[in-house]
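Trainee: Just entry.cif, nothing more (mmCIF, C-alpha atoms):
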data_structure
loop_
_atom_site.label_atom_id
_atom_site.label_comp_id
_atom_site.auth_asym_id
_atom_site.auth_seq_id
_atom_site.Cartn_x
_atom_site.Cartn_y
_atom_site.Cartn_z
CA MET A 172 11.17 21.43 -24.70
CA LYS A 173 7.49 22.17 -24.09
CA GLU A 174 5.77 20.56 -21.10
CA TYR A 175 3.15 18.72 -23.12
CA ASP A 176 5.82 16.89 -25.13
CA TYR A 177 6.50 14.55 -22.21
CA ARG A 178 4.15 11.58 -22.40
CA TYR A 179 5.80 9.08 -20.05
CA ILE A 180 8.18 11.00 -17.79
CA TYR A 181 7.09 13.26 -14.94
CA GLY A 182 8.60 15.10 -12.00
CA PRO A 183 11.11 15.27 -10.52
CA VAL A 184 9.08 15.22 -7.33
CA PRO A 185 10.32 15.81 -3.77
CA SER A 186 9.97 12.27 -2.46
CA TRP A 187 10.36 11.81 1.29
CA ARG A 188 11.54 8.27 0.53
CA LEU A 189 13.76 8.79 -2.52
CA GLY A 190 14.86 12.42 -2.56
CA ARG A 191 14.64 13.95 -6.05
CA SER A 192 12.60 11.33 -7.86
CA LEU A 193 12.12 11.41 -11.62
CA GLY A 194 9.02 9.38 -12.45
CA ILE A 195 8.50 7.02 -15.37
CA ASP A 196 4.94 5.92 -16.04
CA PRO A 197 5.10 2.49 -17.75
CA VAL A 198 1.28 2.27 -17.94
CA PRO A 199 0.43 5.69 -19.45
CA CYS A 200 -3.35 5.41 -19.72
CA MET A 201 -5.80 8.27 -19.25
CA ARG A 202 -8.07 5.95 -17.24
CA LYS A 203 -6.56 4.55 -14.06
CA ILE A 204 -5.77 0.83 -14.34
CA CYS A 205 -4.93 -1.15 -11.21
CA THR A 206 -5.37 -4.38 -9.29
CA PHE A 207 -6.46 -2.35 -6.23
CA ASP A 208 -8.78 0.56 -5.53
CA CYS A 209 -7.18 1.68 -2.28
CA LEU A 210 -9.36 3.62 0.10
CA TYR A 211 -6.74 6.36 0.40
CA CYS A 212 -5.40 6.54 -3.18
CA GLN A 213 -4.08 10.02 -3.89
CA VAL A 214 -4.50 9.84 -7.68
CA GLY A 215 -8.19 8.90 -7.73
CA GLU A 216 -10.41 5.85 -8.00
CA THR A 217 -9.57 2.82 -10.15
CA GLU A 218 -11.54 2.90 -13.38
CA ILE A 219 -10.33 -0.38 -14.89
CA PHE A 220 -9.54 -3.41 -12.72
CA SER A 221 -7.02 -5.70 -14.38
CA ASP A 222 -4.22 -8.12 -13.53
CA GLU A 223 -3.27 -8.67 -17.18
CA ARG A 224 0.31 -7.75 -17.99
CA ARG A 225 0.75 -6.18 -21.42
CA VAL A 226 2.93 -3.69 -23.25
CA PHE A 227 1.52 -0.19 -22.89
CA VAL A 228 4.51 1.69 -24.30
CA PRO A 229 7.70 0.43 -26.03
CA ALA A 230 10.89 0.79 -24.00
CA GLU A 231 12.53 2.82 -26.77
CA GLU A 232 9.93 5.58 -26.40
CA ILE A 233 10.83 5.92 -22.72
CA ILE A 234 14.51 6.19 -23.65
CA ASN A 235 13.77 8.80 -26.32
CA GLU A 236 12.12 11.01 -23.71
CA LEU A 237 14.99 10.53 -21.27
CA LYS A 238 17.40 11.68 -23.98
CA MET A 239 15.42 14.88 -24.43
CA LEU A 240 15.43 15.82 -20.76
CA PRO A 241 17.17 19.09 -19.85
CA PRO A 242 19.90 18.88 -17.19
CA THR A 243 18.01 17.84 -14.07
CA GLU A 244 19.30 16.81 -10.65
CA VAL A 245 17.88 13.37 -9.87
CA ASP A 246 18.50 10.90 -7.02
CA TYR A 247 16.27 8.07 -8.24
CA ILE A 248 14.46 7.21 -11.44
CA THR A 249 11.19 5.73 -10.22
CA PHE A 250 8.72 3.53 -12.08
CA SER A 251 5.34 4.53 -10.74
CA GLY A 252 2.34 6.59 -11.89
CA ARG A 253 -1.45 6.27 -11.76
CA ALA A 254 -1.43 2.52 -12.46
CA GLU A 255 0.33 -0.47 -10.90
CA PRO A 256 3.71 -0.37 -12.74
CA VAL A 257 4.27 -4.14 -12.91
CA LEU A 258 1.23 -4.40 -15.18
CA ALA A 259 3.71 -3.39 -17.89
CA ARG A 260 4.88 -6.70 -19.36
CA ASN A 261 8.06 -5.05 -20.63
CA LEU A 262 9.01 -3.49 -17.28
CA GLY A 263 12.23 -5.49 -17.09
CA GLU A 264 13.21 -4.37 -20.58
CA MET A 265 12.54 -0.75 -19.60
CA VAL A 266 14.65 -1.05 -16.45
CA ARG A 267 17.60 -2.51 -18.32
CA ALA A 268 17.34 0.14 -21.04
CA VAL A 269 17.26 2.98 -18.49
CA LYS A 270 20.28 1.54 -16.72
CA GLN A 271 22.23 1.68 -20.00
CA GLU A 272 21.18 5.29 -20.57
CA ARG A 273 21.38 6.80 -17.08
CA SER A 274 23.59 6.46 -13.99
CA GLU A 275 20.95 7.09 -11.31
CA LYS A 276 19.57 4.28 -9.17
CA ILE A 277 16.19 2.85 -10.17
CA ALA A 278 13.20 2.31 -7.89
CA VAL A 279 9.86 0.61 -8.44
CA LEU A 280 6.82 1.29 -6.24
CA THR A 281 4.49 -1.72 -6.33
CA ASN A 282 1.30 -2.65 -4.50
CA SER A 283 2.67 -6.23 -4.19
CA SER A 284 -0.43 -7.80 -5.78
CA LEU A 285 1.44 -9.54 -8.62
CA LEU A 286 4.69 -10.18 -6.80
CA TYR A 287 3.86 -13.91 -6.59
CA ARG A 288 4.47 -14.18 -10.35
CA LYS A 289 7.94 -15.29 -11.41
CA ASP A 290 7.94 -13.02 -14.47
CA VAL A 291 7.25 -10.03 -12.19
CA GLN A 292 10.03 -11.05 -9.80
CA ASP A 293 12.43 -11.50 -12.73
CA ASP A 294 11.59 -8.00 -14.01
CA LEU A 295 12.34 -6.53 -10.58
CA MET A 296 15.69 -8.26 -10.04
CA PRO A 297 17.84 -5.54 -11.72
CA VAL A 298 16.01 -2.76 -9.80
CA ASP A 299 18.02 -1.06 -7.04
CA PHE A 300 15.11 -0.29 -4.71
CA VAL A 301 11.70 -1.98 -4.57
CA ALA A 302 9.02 -0.55 -2.27
CA ALA A 303 6.26 -3.14 -1.72
CA LYS A 304 2.91 -2.26 -0.20
CA LEU A 305 1.53 -3.90 2.98
CA ASP A 306 -1.38 -2.06 4.60
CA ALA A 307 -3.22 -4.82 6.47
CA PRO A 308 -2.68 -7.90 8.68
CA SER A 309 -5.67 -9.95 7.49
CA GLN A 310 -7.89 -10.73 4.51
CA GLY A 311 -10.81 -8.72 5.88
CA LEU A 312 -8.85 -5.52 6.43
CA PHE A 313 -7.00 -6.05 3.14
CA GLU A 314 -10.36 -6.07 1.34
CA SER A 315 -11.66 -2.97 3.10
CA ILE A 316 -8.51 -0.85 2.71
CA ASN A 317 -6.92 -2.00 -0.57
CA ARG A 318 -10.17 -3.18 -2.22
CA PRO A 319 -8.40 -5.67 -4.53
CA LEU A 320 -9.55 -7.77 -7.43
CA GLU A 321 -11.44 -10.73 -6.01
CA SER A 322 -8.76 -13.15 -7.22
CA ILE A 323 -6.02 -11.47 -5.15
CA LYS A 324 -5.69 -12.91 -1.65
CA PHE A 325 -3.91 -11.47 1.36
CA ASP A 326 -1.92 -14.59 2.25
CA THR A 327 -0.66 -14.86 -1.33
CA VAL A 328 0.56 -11.27 -1.20
CA VAL A 329 2.38 -11.70 2.12
CA ASN A 330 4.01 -14.98 1.08
CA ALA A 331 5.09 -13.40 -2.20
CA ILE A 332 6.83 -10.53 -0.41
CA LYS A 333 8.63 -13.01 1.85
CA GLU A 334 9.72 -15.11 -1.12
CA PHE A 335 10.89 -12.04 -3.04
CA LYS A 336 12.91 -10.84 -0.05
CA ARG A 337 14.79 -14.16 0.02
CA VAL A 338 15.95 -13.92 -3.60
CA TYR A 339 16.19 -10.17 -4.24
CA LYS A 340 19.65 -8.60 -3.97
CA GLY A 341 18.59 -4.94 -3.97
CA LYS A 342 17.00 -2.84 -1.22
CA LEU A 343 13.47 -3.90 -0.26
CA ALA A 344 11.18 -1.56 1.64
CA LEU A 345 7.70 -2.16 2.99
CA GLN A 346 5.50 0.85 2.30
CA ILE A 347 2.64 1.01 4.81
CA MET A 348 -0.11 3.60 4.55
CA PHE A 349 -1.78 4.20 7.89
CA VAL A 350 -5.25 5.72 8.06
CA GLU A 351 -8.10 5.59 10.57
CA ALA A 352 -9.21 2.16 9.30
CA ASN A 353 -5.94 0.34 10.08
CA LYS A 354 -4.20 2.42 12.77
CA ASP A 355 -5.38 0.11 15.57
CA TYR A 356 -3.80 -2.87 13.75
CA ALA A 357 -0.28 -1.46 13.70
CA LYS A 358 1.00 -4.11 16.13
CA ASP A 359 -0.28 -6.92 13.89
CA ILE A 360 1.18 -5.32 10.76
CA ALA A 361 4.51 -4.87 12.57
CA ARG A 362 4.56 -8.57 13.45
CA ILE A 363 4.23 -9.50 9.77
CA ALA A 364 6.81 -6.87 8.82
CA LYS A 365 9.32 -8.46 11.21
CA GLU A 366 8.68 -11.85 9.61
CA ILE A 367 9.42 -10.35 6.18
CA ASN A 368 12.52 -8.56 7.53
CA PRO A 369 12.72 -5.77 4.92
CA ASP A 370 15.67 -3.43 4.63
CA GLU A 371 13.38 -0.51 5.43
CA VAL A 372 9.87 0.18 6.69
CA GLN A 373 8.17 3.29 5.30
CA ILE A 374 5.35 4.53 7.53
CA ASN A 375 3.08 6.81 5.56
CA THR A 376 -0.25 8.62 5.85
CA PRO A 377 -2.00 10.50 3.00
CA LEU A 378 -0.74 14.08 3.26
CA ARG A 379 -1.67 14.81 -0.36
CA PRO A 380 -5.39 15.16 -1.29
CA SER A 381 -7.20 11.88 -0.59
CA ARG A 382 -10.65 10.46 0.12
CA VAL A 383 -9.59 9.91 3.74
CA LYS A 384 -7.88 12.12 6.31
CA PRO A 385 -4.25 11.66 7.33
CA LEU A 386 -3.26 10.61 10.80
CA SER A 387 -1.60 13.17 13.06
CA LYS A 388 2.09 13.28 13.88
CA LYS A 389 1.28 12.00 17.36
CA GLU A 390 -0.56 8.98 15.94
CA ILE A 391 2.24 8.17 13.49
CA TYR A 392 4.90 8.45 16.21
CA ALA A 393 2.88 6.04 18.38
CA ILE A 394 2.64 3.59 15.47
CA LYS A 395 6.43 3.73 14.99
CA ASP A 396 6.91 2.24 18.44
CA TYR A 397 5.55 -1.10 17.23
CA PHE A 398 8.35 -1.30 14.66
CA LYS A 399 11.22 -0.92 17.12
CA GLY A 400 14.34 -2.76 16.06
CA MET A 401 13.62 -2.18 12.38
CA ASN A 402 14.96 0.50 10.03
CA VAL A 403 11.94 2.85 9.99
CA VAL A 404 11.33 6.12 8.14
CA SER A 405 8.11 8.10 8.39
CA VAL A 406 6.49 10.74 6.23
CA TYR A 407 6.49 13.31 9.05
CA GLU A 408 10.19 13.01 9.83
CA ALA A 409 11.95 12.48 6.50
CA PRO A 410 13.69 15.53 5.00
CA LYS A 411 12.20 17.00 1.84
CA VAL A 412 14.01 18.64 -1.03
CA LYS A 413 12.81 21.42 -3.31
CA VAL A 414 12.41 20.50 -6.97
CA THR A 415 10.74 21.94 -10.06
CA PRO A 416 8.81 19.41 -12.19
CA ILE A 417 9.41 19.41 -15.94
CA SER A 418 5.63 19.21 -16.40
CA LYS A 419 3.40 20.22 -13.51
CA GLU A 420 0.18 19.06 -15.17
CA ASP A 421 1.45 15.54 -15.93
CA THR A 422 3.02 15.28 -12.49
CA LEU A 423 -0.27 16.16 -10.80
CA ARG A 424 -2.15 13.60 -12.87
CA ARG A 425 0.23 10.78 -12.01
CA ARG A 426 1.16 11.62 -8.44
CA GLY A 427 -1.27 14.11 -6.98
CA LYS A 428 -0.18 17.35 -5.38
CA VAL A 429 3.60 17.82 -5.27
#
Before anything else, please render the file you have as structure tokens.

Mentor:
Amino acid sequence: MKEYDYRYIYGPVPSWRLGRSLGIDPVPCMRKICTFDCLYCQVGETEIFSDERRVFVPAEEIINELKMLPPTEVDYITFSGRAEPVLARNLGEMVRAVKQERSEKIAVLTNSSLLYRKDVQDDLMPVDFVAAKLDAPSQGLFESINRPLESIKFDTVVNAIKEFKRVYKGKLALQIMFVEANKDYAKDIARIAKEINPDEVQINTPLRPSRVKPLSKKEIYAIKDYFKGMNVVSVYEAPKVKVTPISKEDTLRRRGKV
């Protein structure tokens, strides 16, 4: 099958968190739609701010592409892409359909902004692994790093993650991107992380092309010390696997450099 025939599926990519990760983009728009415009985003600036959930692609079209995939070794099927994946109103339908079609575990990478909504939580319940973003310990730093829609408040996000952790039966990870702007607040972020009590803490820094520079290994190792007693993985230490994407161009557009 020719590369350009894939409209919604990309990868697999060598994910330091998920191994061989086959991506599904449930919000396949040419212009980046998100609730945030994160300072460090590795797929470019947000062009359309929105917190409206709607159907961007029918679930059956995702399944049709999965059926046309060549034999490919995959560890996780991951809902992600250029946009915030929970903006897809039919995300839950997609997850259930993929589970009927494939045997791999399913992950969703979310920026946590809409996790306070019950319909979003319901859609995430059948997911095996949810990675929820937390990059700041306060409203001010939240605004400067994640640059959210004005209606999205830091306390709401944190409380939503805590609530979701109490009811969710799958694996919940906190994904934390550390850059120069928040590295000195690692202790405060760790305190909140311990209150949430996730199954895993993912300490990241932007190693792919970004508007900001990554932190060094030494800086990331120092940050890890604040998370002692928790299950922590970091981008500099996790093993990486070699994979060949089915479509390099689409993978670059949705993920950045592989």

Trainee: Select, from A:Ile323, A:Ile233, A:Ile367, A:Ala357, the residue with the minimum atom-to-atom distance to Tyr392 in chain A, counting only C-alpha atoms.

Mentor: A:Ala357

Trainee: When the PyMOL selection byres ((chain A and resi 371) around 7) is applied to the structure above, which residues does it catch, written out as a ChimeraX atom specification?

Mentor: /A:343-345,369-370,372-373,402-403

Trainee: Selected residues, C-alpha atoms, written as an mmCIF file, keeping the file's coordinate frame, please.

Mentor:
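So the final result, stored in result.cif, reads:
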data_model
loop_
_atom_site.group_PDB
_atom_site.id
_atom_site.type_symbol
_atom_site.label_atom_id
_atom_site.label_comp_id
_atom_site.auth_asym_id
_atom_site.auth_seq_id
_atom_site.Cartn_x
_atom_site.Cartn_y
_atom_site.Cartn_z
ATOM 1 C CA LEU A 343 13.470 -3.900 -0.260
ATOM 2 C CA ALA A 344 11.180 -1.560 1.640
ATOM 3 C CA LEU A 345 7.700 -2.160 2.990
ATOM 4 C CA PRO A 369 12.720 -5.770 4.920
ATOM 5 C CA ASP A 370 15.670 -3.430 4.630
ATOM 6 C CA VAL A 372 9.870 0.180 6.690
ATOM 7 C CA GLN A 373 8.170 3.290 5.300
ATOM 8 C CA ASN A 402 14.960 0.500 10.030
ATOM 9 C CA VAL A 403 11.940 2.850 9.990
#

Trainee: Taking into account all atoms listed in the file, which residue in the set A:Ile195, A:Ile374, A:Ala302, A:Val350 is nearest to Asn317 in chain A?

Mentor: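 The answer is A:Val350, which sits nearest to Asn317 in chain A.
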
Trainee: Kindly indicate which residue among A:Ile391, A:Ala361, A:Ala259, A:Val414 lies nearest to Pro199 in chain A, using all atoms listed in the file for the distances.

Mentor: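 For Pro199 in chain A, the nearest of the candidates is A:Ala259.
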
Trainee: Could you tell me, as a PyMOL selection string, which residues have any atom at most 9 Å from (0.3, -3.8, -19.9), counting all atoms listed in the file?

Mentor: chain A and resi 197-198+222-228+256-261

Trainee: Can you write just those residues out, C-alpha atoms, as a JSON list (two decimals), in the frame of the given file?

Mentor:
[["chain", "number", "residue", "atom", "x", "y", "z"],
["A", 197, "PRO", "CA", 5.10, 2.49, -17.75],
["A", 198, "VAL", "CA", 1.28, 2.27, -17.94],
["A", 222, "ASP", "CA", -4.22, -8.12, -13.53],
["A", 223, "GLU", "CA", -3.27, -8.67, -17.18],
["A", 224, "ARG", "CA", 0.31, -7.75, -17.99],
["A", 225, "ARG", "CA", 0.75, -6.18, -21.42],
["A", 226, "VAL", "CA", 2.93, -3.69, -23.25],
["A", 227, "PHE", "CA", 1.52, -0.19, -22.89],
["A", 228, "VAL", "CA", 4.51, 1.69, -24.30],
["A", 256, "PRO", "CA", 3.71, -0.37, -12.74],
["A", 257, "VAL", "CA", 4.27, -4.14, -12.91],
["A", 258, "LEU", "CA", 1.23, -4.40, -15.18],
["A", 259, "ALA", "CA", 3.71, -3.39, -17.89],
["A", 260, "ARG", "CA", 4.88, -6.70, -19.36],
["A", 261, "ASN", "CA", 8.06, -5.05, -20.63]]

Trainee: Can you work out the spacing between CA of Glu366 in chain A and CA of Lys333 in chain A in Å, to one decimal?

Mentor: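 Result for CA of Glu366 in chain A versus CA of Lys333 in chain A: 7.8 Å, one decimal.
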
Trainee: I'd like to know which of A:Tyr211, A:Gly194, A:Pro183, A:Leu320 is closest to Pro380 in chain A, using all atoms listed in the file.

Mentor: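 The closest residue to Pro380 in chain A is A:Tyr211.
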
Trainee: Just checking: using only C-alpha atoms, which residue out of A:Met296, A:Val214, A:Ala268, A:Cys209 ends up closest to Ile316 in chain A?

Mentor: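 Of A:Met296, A:Val214, A:Ala268, A:Cys209, the one nearest Ile316 in chain A is A:Cys209, counting only C-alpha atoms.
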
Trainee: CA of Asp396 in chain A and CA of Ala303 in chain A are how many Å apart?

Mentor: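 Between CA of Asp396 in chain A and CA of Ala303 in chain A the gap works out to 20.9 Å.
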
Trainee: With distances taken over all atoms listed in the file, which of A:Ile363, A:Ile248, A:Leu312, A:Leu378 is nearest to Cys212 in chain A?

Mentor: A:Leu378

Trainee: Written as a PDB file with C-alpha atoms, keeping the file's coordinate frame, what is the full residue list that the PyMOL selection byres ((chain A and resi 347) around 7) yields on the file shown?

Mentor:
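The resulting file, part21.pdb, is reproduced below:
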ATOM      1  CA  LYS A 304       2.910  -2.260  -0.200  1.00  0.00           C
ATOM      2  CA  LEU A 305       1.530  -3.900   2.980  1.00  0.00           C
ATOM      3  CA  ASP A 306      -1.380  -2.060   4.600  1.00  0.00           C
ATOM      4  CA  LEU A 345       7.700  -2.160   2.990  1.00  0.00           C
ATOM      5  CA  GLN A 346       5.500   0.850   2.300  1.00  0.00           C
ATOM      6  CA  MET A 348      -0.110   3.600   4.550  1.00  0.00           C
ATOM      7  CA  PHE A 349      -1.780   4.200   7.890  1.00  0.00           C
ATOM      8  CA  GLN A 373       8.170   3.290   5.300  1.00  0.00           C
ATOM      9  CA  ILE A 374       5.350   4.530   7.530  1.00  0.00           C
ATOM     10  CA  ASN A 375       3.080   6.810   5.560  1.00  0.00           C
TER      11      ASN A 375
END

Trainee: Assuming the chain letters and numbering stay as they are in my file, what does the PyMOL selection byres ((chain A and resi 186) around 10) actually select? List them as an NGL selection string.

Mentor: :A and (183-185 or 187-193 or 246-247 or 406 or 409-414 or 429)

Trainee: CA of Ile180 in chain A and CA of Pro229 in chain A, how far apart in Å?

Mentor: 13.4 Å
